[in-house]
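Colleague: Below is one structure. I have some questions about it.
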Amino acid sequence: MSAPTRNPSLRLAGISAATSRLELMRIIWALSWPAIMTFGLESLVGLVDALMVGRLGANAVAGVGVGTQILSAVSVMNMALATGTVALVARHVGAAQRREAGAVVAQSLYLALAVGLTIALPVFFFAPHLVAVFKVEPEVLANGAGFVRIIILAVPCMAMFAVIAAGLRGAGDMRTPLAIGALINVINVAVGYTLIFGHFGMPALGVRGSAVASATAFTVGAGLGLAALLRRDGALRLERGRLAPSATLMRRILAIGSPSGIEQFLMQIGFLLYLGIAARYGTSAVAAYFIGVRILALSFLPGFGFSAATSTIVGQQLGARQEAHAARSVWEANRLAVSMMSIAALVIFIFARQIASVFIADPLVIEDAVVFIHVLAAAQPLMAADSTFGGALRGAGDTRFPLLTVIIGFYVVRLGFAWTAANVLGLGLGWVWAALLGDYLVRASLKAWRFRSGAWKKVQV
């Protein structure tokens with residue numbers, strides 16, 4: 001194996017029929033591990049935030065959880081713009097058209113600012129009404145609304161960073177997003193620790209301190225991302241001659257990314273509906289859900305990393321007209337992802353109670369969380385396949401089919417089963433948690449079938 005290069009994308013051109021399986025695994029891992037680390041740092045900071053907020057009680061945990069759900073719902077544009085960006089950037093890089101790749105990122109940044117500002121203002125003013133949709137207790141409502149009103153102001157910067165990171169990954173530069181993400185997380189933890197509890201002479205803001213920390217961190221991250229794009233030796237650059245707004249290119253980005261944005265929006269609405277079903281079992285169920293989601297974020301890291309890798313590989317190989325090499329790489333990436341996430345599943349299943357106890361001392365919440373963590377553990381291999389094949393399809397610009405799988409898997413299977421279990425059959429909370437197994441089984445199976453069919457090779461971007 002040759003010495004590692006600064007930009008892993010340069011090595012993708014070397015994938016051929018003669019490339020050994022071991023060498024291919026090394027190439028895939030070179031693209032995957034920085035993305036895994038990036039998402040891992042984000043999840044770790046989320047865990048640290050949860051631990052700090054958890055010291056304020058179950059109402060604080062539930063308030064931040066509800067606020068985070070709302071933030072995720074309004075941030076679906078990030079998924080749309082990032083998907084369109086990575087697909088087009090990877091195609092251009094694969095075709096040795098790096099100036100065109102930079103132009104794609106410029107147009108995505110314009111869209112990120114415009115859409116981010118359009119969304120932030122109404123959410124700021126209607127935050128209490130949005131939190132009230134969950135029918136939570138008054139203290140949870142106050143915490144959630146305060147959290148949303150602060151962090152929503154940073155949504156334009158979050159969107160910009162998402163676009164920049166996606167563009168860099170599409171160009172094969174996984175390490176710059178990792179470096180910036182690491183600094184974002186350090187700022188988030190430091191400011192959060194200071195403002196949540198009122199250290200170093202600062203006021204104790206509680207839940208609002210957590211929101212200020214995240215908003216500050218992502219604002220700094222967006223600035224650093226722009227600086228990275230202006231570097232002359234970067235894998236992806238903004239050039240003055242290609243910064244003029246282009247309605248045509250914006251439409252291409254949106255045409256590719258919109259289905260992914262709709263997919264993410266439906267997912268977030270689905271999460272809210274799913275949470276609403278669980279909330280009928282009490283506040284402990286809500287708190288348990290958000291603890292479980294934090295655990296999921298960590299165990300799902302290989303899936304995120306390999307998804308980013310397959311998006312880059314497929315996009316670049318299609319740009320270079322090497323469809324067969326793209327297909328072989330994705331199947332190998334899926335094997336690696338399933339193996340790693342199966343190991344993670346075993347760990348979190350065995351230590352479910354100890355993990356839940358780290359977050360909160362409430363026995364009822366711990367009991368509900370343990371059951372949820374066990375279900376999440378069983379779903380890990382399915383989540384790995386869902387993520388890897390989903391990333392491959394999006395990297396090819398085949399974004400409509402993953403949207404269809406969400407409608408079938410999430411809405412028909414997960415929500416249908418959970419609602420029936422809770423409202424018709426009167427079953428316990430564990431059955432509501434178990435509904436997600438069927439969801440991921442359906443989505444993973446459908447995406448694997450789609451990829452095997454080869455239809456993604458014919459998508460025009």
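Every chain in the structure tokens takes a letter, A first, then B, and so on in the order presented; its residues are numbered from 1, and the ligands are numbered from 1 following the presented order.
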Excluding stretch 410-422 of chain A and its own-chain neighbours fewer than 5 positions away, which residues fall within 10 Å of it when counting only C-alpha atoms? Please give them as a ChimeraX atom specification.
Modeller: /A:266-267,269-271,273-274,276-278,280-281,404-405,427-443
Colleague: Write the residues of the preceding selection, restricted to N, CA and C atoms, as a CSV table (one decimal), in the first residue's frame.
Modeller:
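Contents of part_39.csv, as written:
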```csv
chain,number,residue,atom,x,y,z
A,266,LEU,N,-39.7,14.2,6.5
A,266,LEU,CA,-40.7,13.1,6.9
A,266,LEU,C,-40.1,12.3,8.1
A,267,MET,N,-38.8,12.1,8.1
A,267,MET,CA,-38.2,11.4,9.2
A,267,MET,C,-38.4,12.1,10.5
A,269,ILE,N,-40.6,14.5,11.2
A,269,ILE,CA,-42.1,14.5,11.6
A,269,ILE,C,-42.4,13.1,12.1
A,270,GLY,N,-41.9,12.1,11.5
A,270,GLY,CA,-42.1,10.7,12.0
A,270,GLY,C,-41.6,10.5,13.4
A,271,PHE,N,-40.4,11.1,13.7
A,271,PHE,CA,-39.8,11.0,15.0
A,271,PHE,C,-40.8,11.7,16.0
A,273,LEU,N,-44.0,12.1,15.7
A,273,LEU,CA,-45.2,11.2,15.9
A,273,LEU,C,-44.9,10.0,16.8
A,274,TYR,N,-43.7,9.4,16.5
A,274,TYR,CA,-43.3,8.3,17.3
A,274,TYR,C,-43.1,8.7,18.8
A,276,GLY,N,-44.6,11.1,20.2
A,276,GLY,CA,-45.9,11.4,20.7
A,276,GLY,C,-46.6,10.1,21.2
A,277,ILE,N,-46.4,9.0,20.5
A,277,ILE,CA,-47.0,7.7,20.9
A,277,ILE,C,-46.3,7.3,22.2
A,278,ALA,N,-45.0,7.4,22.3
A,278,ALA,CA,-44.3,7.0,23.5
A,278,ALA,C,-44.7,7.9,24.7
A,280,ARG,N,-47.4,9.0,25.6
A,280,ARG,CA,-48.6,8.6,26.3
A,280,ARG,C,-48.3,7.7,27.5
A,281,TYR,N,-47.1,7.2,27.5
A,281,TYR,CA,-46.7,6.3,28.7
A,281,TYR,C,-46.0,7.2,29.8
A,404,LEU,N,-38.9,7.0,-0.9
A,404,LEU,CA,-39.9,6.0,-0.9
A,404,LEU,C,-39.8,5.0,0.2
A,405,THR,N,-38.5,4.6,0.5
A,405,THR,CA,-38.3,3.6,1.6
A,405,THR,C,-38.7,4.2,3.0
A,427,LEU,N,-50.7,-2.6,24.5
A,427,LEU,CA,-49.4,-3.3,24.9
A,427,LEU,C,-48.5,-2.3,25.6
A,428,GLY,N,-47.5,-2.8,26.2
A,428,GLY,CA,-46.5,-2.0,27.0
A,428,GLY,C,-45.6,-1.2,26.1
A,429,LEU,N,-44.8,-0.3,26.7
A,429,LEU,CA,-43.9,0.6,26.0
A,429,LEU,C,-42.9,-0.2,25.1
A,430,GLY,N,-42.5,-1.3,25.6
A,430,GLY,CA,-41.5,-2.1,24.9
A,430,GLY,C,-41.9,-2.4,23.5
A,431,TRP,N,-43.2,-2.7,23.3
A,431,TRP,CA,-43.7,-3.0,21.9
A,431,TRP,C,-43.6,-1.7,21.0
A,432,VAL,N,-43.8,-0.6,21.6
A,432,VAL,CA,-43.6,0.7,20.8
A,432,VAL,C,-42.2,0.8,20.4
A,433,TRP,N,-41.2,0.5,21.3
A,433,TRP,CA,-39.8,0.6,20.9
A,433,TRP,C,-39.5,-0.5,19.8
A,434,ALA,N,-40.1,-1.7,19.9
A,434,ALA,CA,-39.8,-2.7,19.0
A,434,ALA,C,-40.2,-2.4,17.5
A,435,ALA,N,-41.1,-1.5,17.4
A,435,ALA,CA,-41.6,-1.1,16.0
A,435,ALA,C,-40.5,-0.7,15.1
A,436,LEU,N,-39.4,-0.1,15.6
A,436,LEU,CA,-38.3,0.3,14.7
A,436,LEU,C,-37.6,-0.8,14.1
A,437,LEU,N,-37.6,-2.0,14.7
A,437,LEU,CA,-37.0,-3.1,14.0
A,437,LEU,C,-37.5,-3.4,12.6
A,438,GLY,N,-38.9,-3.4,12.6
A,438,GLY,CA,-39.5,-3.7,11.3
A,438,GLY,C,-39.2,-2.6,10.3
A,439,ASP,N,-39.1,-1.3,10.8
A,439,ASP,CA,-38.8,-0.2,10.0
A,439,ASP,C,-37.5,-0.4,9.3
A,440,TYR,N,-36.4,-0.6,10.1
A,440,TYR,CA,-35.1,-0.7,9.5
A,440,TYR,C,-34.9,-2.0,8.6
A,441,LEU,N,-35.7,-3.1,8.9
A,441,LEU,CA,-35.6,-4.2,8.1
A,441,LEU,C,-36.1,-3.9,6.7
A,442,VAL,N,-37.2,-3.2,6.6
A,442,VAL,CA,-37.8,-2.8,5.3
A,442,VAL,C,-36.9,-1.9,4.6
A,443,ARG,N,-36.5,-0.8,5.2
A,443,ARG,CA,-35.6,0.2,4.5
A,443,ARG,C,-34.3,-0.4,4.0
```
Colleague: Residues within 6 Å of A:Ala213, please, as a list in words. Count only C-alpha atoms; anything in the same chain fewer than 5 positions from it doesn't count.
Modeller: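 Counting only the stated atoms, we get Asn188, Val191 and Gly192 of chain A.
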Colleague: Between A:Met202, A:Val358, A:Ala309, A:Ala378, which residue has the minimum interatomic distance to A:Met341, considering only C-alpha atoms?
Modeller: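 Smallest distance to A:Met341 is found for A:Ala378.
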Colleague: Which polymer residues have any atom within 7 Å of an atom of A:Asn59, counting only C-alpha atoms, with same-chain residues fewer than 3 positions away left out, as a PyMOL selection string?
Modeller: chain A and resi 62-63+139-140
Colleague: Selected residues, C-alpha atoms, written as a compact mmCIF listing (two decimals), in the first residue's frame, please.
Modeller:
```txt
# COMPACT_ATOMS: atom_id res chain seq x y z
CA ALA A 62 -37.08 16.34 28.15
CA GLY A 63 -37.07 20.07 27.32
CA GLU A 139 -41.63 23.28 32.94
CA VAL A 140 -40.65 21.16 29.95
```
Colleague: For stretch 388-396 of chain A, please output as a ChimeraX atom specification all residues within 9 Å (counting only C-alpha atoms; exclusion window: fewer than 5 positions along the same chain).
Modeller: /A:83-84,86-88,90-91,170,256-257,260,303-316,318,326-327,330-331,333-334,337,383,401-402,444,447-448,450-451,456-461
Colleague: Could you tell me which of A:Leu56, A:Leu24, A:Ile164, A:Val45 comes closest to A:Ala112 if we count only C-alpha atoms?
Modeller: A:Ile164
Colleague: I need the residues in stretch 224-409 of chain A that are alpha helix (DSSP H) according to DSSP; give them as number ranges by chain.
Modeller: A: 224-229, 247-279, 283-299, 301-319, 323-350, 352-359, 363-395, 400-406
Colleague: If you keep C-alpha atoms, can you produce a file of those selected residues as a compact mmCIF listing (two decimals), in the first residue's frame?
Modeller:
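Result went into result_31.txt, see below:
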```txt
# COMPACT_ATOMS: atom_id res chain seq x y z
CA LEU A 224 -13.45 28.25 9.64
CA GLY A 225 -15.13 26.31 6.84
CA LEU A 226 -15.16 29.38 4.61
CA ALA A 227 -11.48 29.93 5.37
CA ALA A 228 -10.75 26.34 4.29
CA LEU A 229 -12.44 26.94 0.94
CA ALA A 247 -30.02 29.98 -11.04
CA THR A 248 -29.31 26.99 -13.29
CA LEU A 249 -26.79 25.44 -10.96
CA MET A 250 -28.96 26.16 -7.91
CA ARG A 251 -31.82 24.32 -9.58
CA ARG A 252 -29.57 21.31 -10.21
CA ILE A 253 -28.52 21.23 -6.57
CA LEU A 254 -32.12 21.45 -5.41
CA ALA A 255 -33.35 18.89 -7.95
CA ILE A 256 -30.92 16.32 -6.56
CA GLY A 257 -31.18 17.31 -2.91
CA SER A 258 -34.89 18.05 -2.54
CA PRO A 259 -35.98 14.41 -2.26
CA SER A 260 -33.42 13.93 0.51
CA GLY A 261 -34.71 17.07 2.21
CA ILE A 262 -38.26 15.76 2.01
CA GLU A 263 -37.03 12.39 3.25
CA GLN A 264 -35.34 14.03 6.23
CA PHE A 265 -38.42 16.17 6.91
CA LEU A 266 -40.66 13.13 6.90
CA MET A 267 -38.19 11.38 9.18
CA GLN A 268 -38.26 14.23 11.67
CA ILE A 269 -42.06 14.45 11.58
CA GLY A 270 -42.10 10.70 11.99
CA PHE A 271 -39.83 10.97 15.03
CA LEU A 272 -42.21 13.51 16.52
CA LEU A 273 -45.19 11.22 15.90
CA TYR A 274 -43.26 8.28 17.30
CA LEU A 275 -42.31 10.32 20.35
CA GLY A 276 -45.93 11.38 20.70
CA ILE A 277 -46.99 7.74 20.89
CA ALA A 278 -44.30 7.04 23.49
CA ALA A 279 -45.25 10.18 25.47
CA THR A 283 -42.50 11.74 31.06
CA SER A 284 -40.19 8.84 31.94
CA ALA A 285 -40.81 7.37 28.49
CA VAL A 286 -39.92 10.71 26.85
CA ALA A 287 -36.70 10.99 28.86
CA ALA A 288 -35.86 7.34 28.09
CA TYR A 289 -36.36 7.95 24.39
CA PHE A 290 -33.89 10.82 24.30
CA ILE A 291 -31.34 8.86 26.32
CA GLY A 292 -31.71 6.03 23.82
CA VAL A 293 -31.24 8.42 20.92
CA ARG A 294 -27.96 9.60 22.43
CA ILE A 295 -26.77 6.00 22.62
CA LEU A 296 -27.93 5.40 19.06
CA ALA A 297 -25.87 8.36 17.85
CA LEU A 298 -22.70 6.71 19.14
CA SER A 299 -23.42 3.17 18.00
CA LEU A 301 -21.09 6.10 13.87
CA PRO A 302 -19.72 3.45 11.48
CA GLY A 303 -22.92 3.73 9.47
CA PHE A 304 -22.51 7.49 9.10
CA GLY A 305 -18.85 7.13 8.20
CA PHE A 306 -19.35 4.46 5.56
CA SER A 307 -22.34 6.34 4.19
CA ALA A 308 -20.12 9.38 3.62
CA ALA A 309 -17.47 7.17 2.04
CA THR A 310 -19.87 5.43 -0.35
CA SER A 311 -21.35 8.78 -1.40
CA THR A 312 -17.90 10.03 -2.34
CA ILE A 313 -16.78 6.81 -4.02
CA VAL A 314 -19.95 6.36 -6.08
CA GLY A 315 -20.09 10.01 -7.16
CA GLN A 316 -16.45 10.15 -8.18
CA GLN A 317 -16.45 6.77 -9.90
CA LEU A 318 -19.55 7.69 -11.87
CA GLY A 319 -17.83 10.93 -12.87
CA GLU A 323 -19.53 2.05 -12.46
CA ALA A 324 -18.27 -1.48 -11.80
CA HIS A 325 -15.59 -0.26 -9.40
CA ALA A 326 -18.18 1.83 -7.59
CA ALA A 327 -20.46 -1.17 -7.10
CA ARG A 328 -17.67 -3.38 -5.81
CA SER A 329 -16.56 -0.70 -3.34
CA VAL A 330 -20.05 -0.24 -1.92
CA TRP A 331 -20.59 -3.95 -1.27
CA GLU A 332 -17.26 -4.07 0.53
CA ALA A 333 -18.13 -0.97 2.54
CA ASN A 334 -21.42 -2.57 3.56
CA ARG A 335 -19.64 -5.66 4.87
CA LEU A 336 -17.33 -3.51 6.96
CA ALA A 337 -20.17 -1.38 8.32
CA VAL A 338 -22.32 -4.37 9.29
CA SER A 339 -19.37 -6.01 11.05
CA MET A 340 -18.46 -2.93 13.06
CA MET A 341 -22.02 -2.09 14.05
CA SER A 342 -22.70 -5.69 15.09
CA ILE A 343 -19.82 -5.44 17.53
CA ALA A 344 -21.24 -2.15 18.84
CA ALA A 345 -24.63 -3.84 19.20
CA LEU A 346 -23.21 -6.54 21.43
CA VAL A 347 -21.54 -3.98 23.70
CA ILE A 348 -24.56 -1.73 24.20
CA PHE A 349 -26.87 -4.73 24.70
CA ILE A 350 -24.72 -6.18 27.48
CA ALA A 352 -27.57 -1.29 28.62
CA ARG A 353 -28.42 -0.74 32.30
CA GLN A 354 -25.02 0.69 33.18
CA ILE A 355 -25.18 3.03 30.19
CA ALA A 356 -28.66 4.28 31.07
CA SER A 357 -27.62 4.84 34.67
CA VAL A 358 -24.87 7.22 33.57
CA PHE A 359 -27.47 9.65 32.25
CA PRO A 363 -35.29 4.13 38.29
CA LEU A 364 -38.39 4.34 36.09
CA VAL A 365 -36.53 6.19 33.33
CA ILE A 366 -33.70 3.67 33.53
CA GLU A 367 -36.09 0.74 33.11
CA ASP A 368 -37.71 2.29 30.03
CA ALA A 369 -34.32 3.23 28.58
CA VAL A 370 -32.86 -0.27 29.02
CA VAL A 371 -35.63 -1.81 26.91
CA PHE A 372 -35.14 0.84 24.22
CA ILE A 373 -31.36 0.30 24.17
CA HIS A 374 -31.86 -3.46 23.76
CA VAL A 375 -34.07 -2.85 20.74
CA LEU A 376 -31.53 -0.43 19.27
CA ALA A 377 -28.82 -3.06 19.70
CA ALA A 378 -30.83 -5.62 17.76
CA ALA A 379 -31.35 -3.11 14.93
CA GLN A 380 -27.67 -2.18 14.47
CA PRO A 381 -26.82 -4.49 11.51
CA LEU A 382 -29.96 -3.33 9.69
CA MET A 383 -29.07 0.29 10.35
CA ALA A 384 -25.60 -0.33 8.90
CA ALA A 385 -26.99 -1.62 5.62
CA ASP A 386 -29.63 1.12 5.46
CA SER A 387 -26.99 3.80 5.90
CA THR A 388 -24.36 2.38 3.55
CA PHE A 389 -26.68 1.71 0.62
CA GLY A 390 -28.51 4.97 1.27
CA GLY A 391 -25.24 6.88 1.04
CA ALA A 392 -24.36 5.12 -2.19
CA LEU A 393 -27.69 5.96 -3.80
CA ARG A 394 -27.46 9.61 -2.74
CA GLY A 395 -23.89 9.86 -4.03
CA ARG A 400 -36.05 9.59 -4.79
CA PHE A 401 -35.90 5.91 -3.93
CA PRO A 402 -34.61 6.42 -0.36
CA LEU A 403 -37.55 8.78 0.11
CA LEU A 404 -39.93 5.99 -0.89
CA THR A 405 -38.34 3.61 1.61
CA VAL A 406 -38.99 6.09 4.44
```
Colleague: Would you compute the distance between atom CA of A:Ile70 and atom CA of A:Leu109? Give it in Å to one decimal.
Modeller: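 Rounded to one decimal, the two atoms are 22.8 Å apart.
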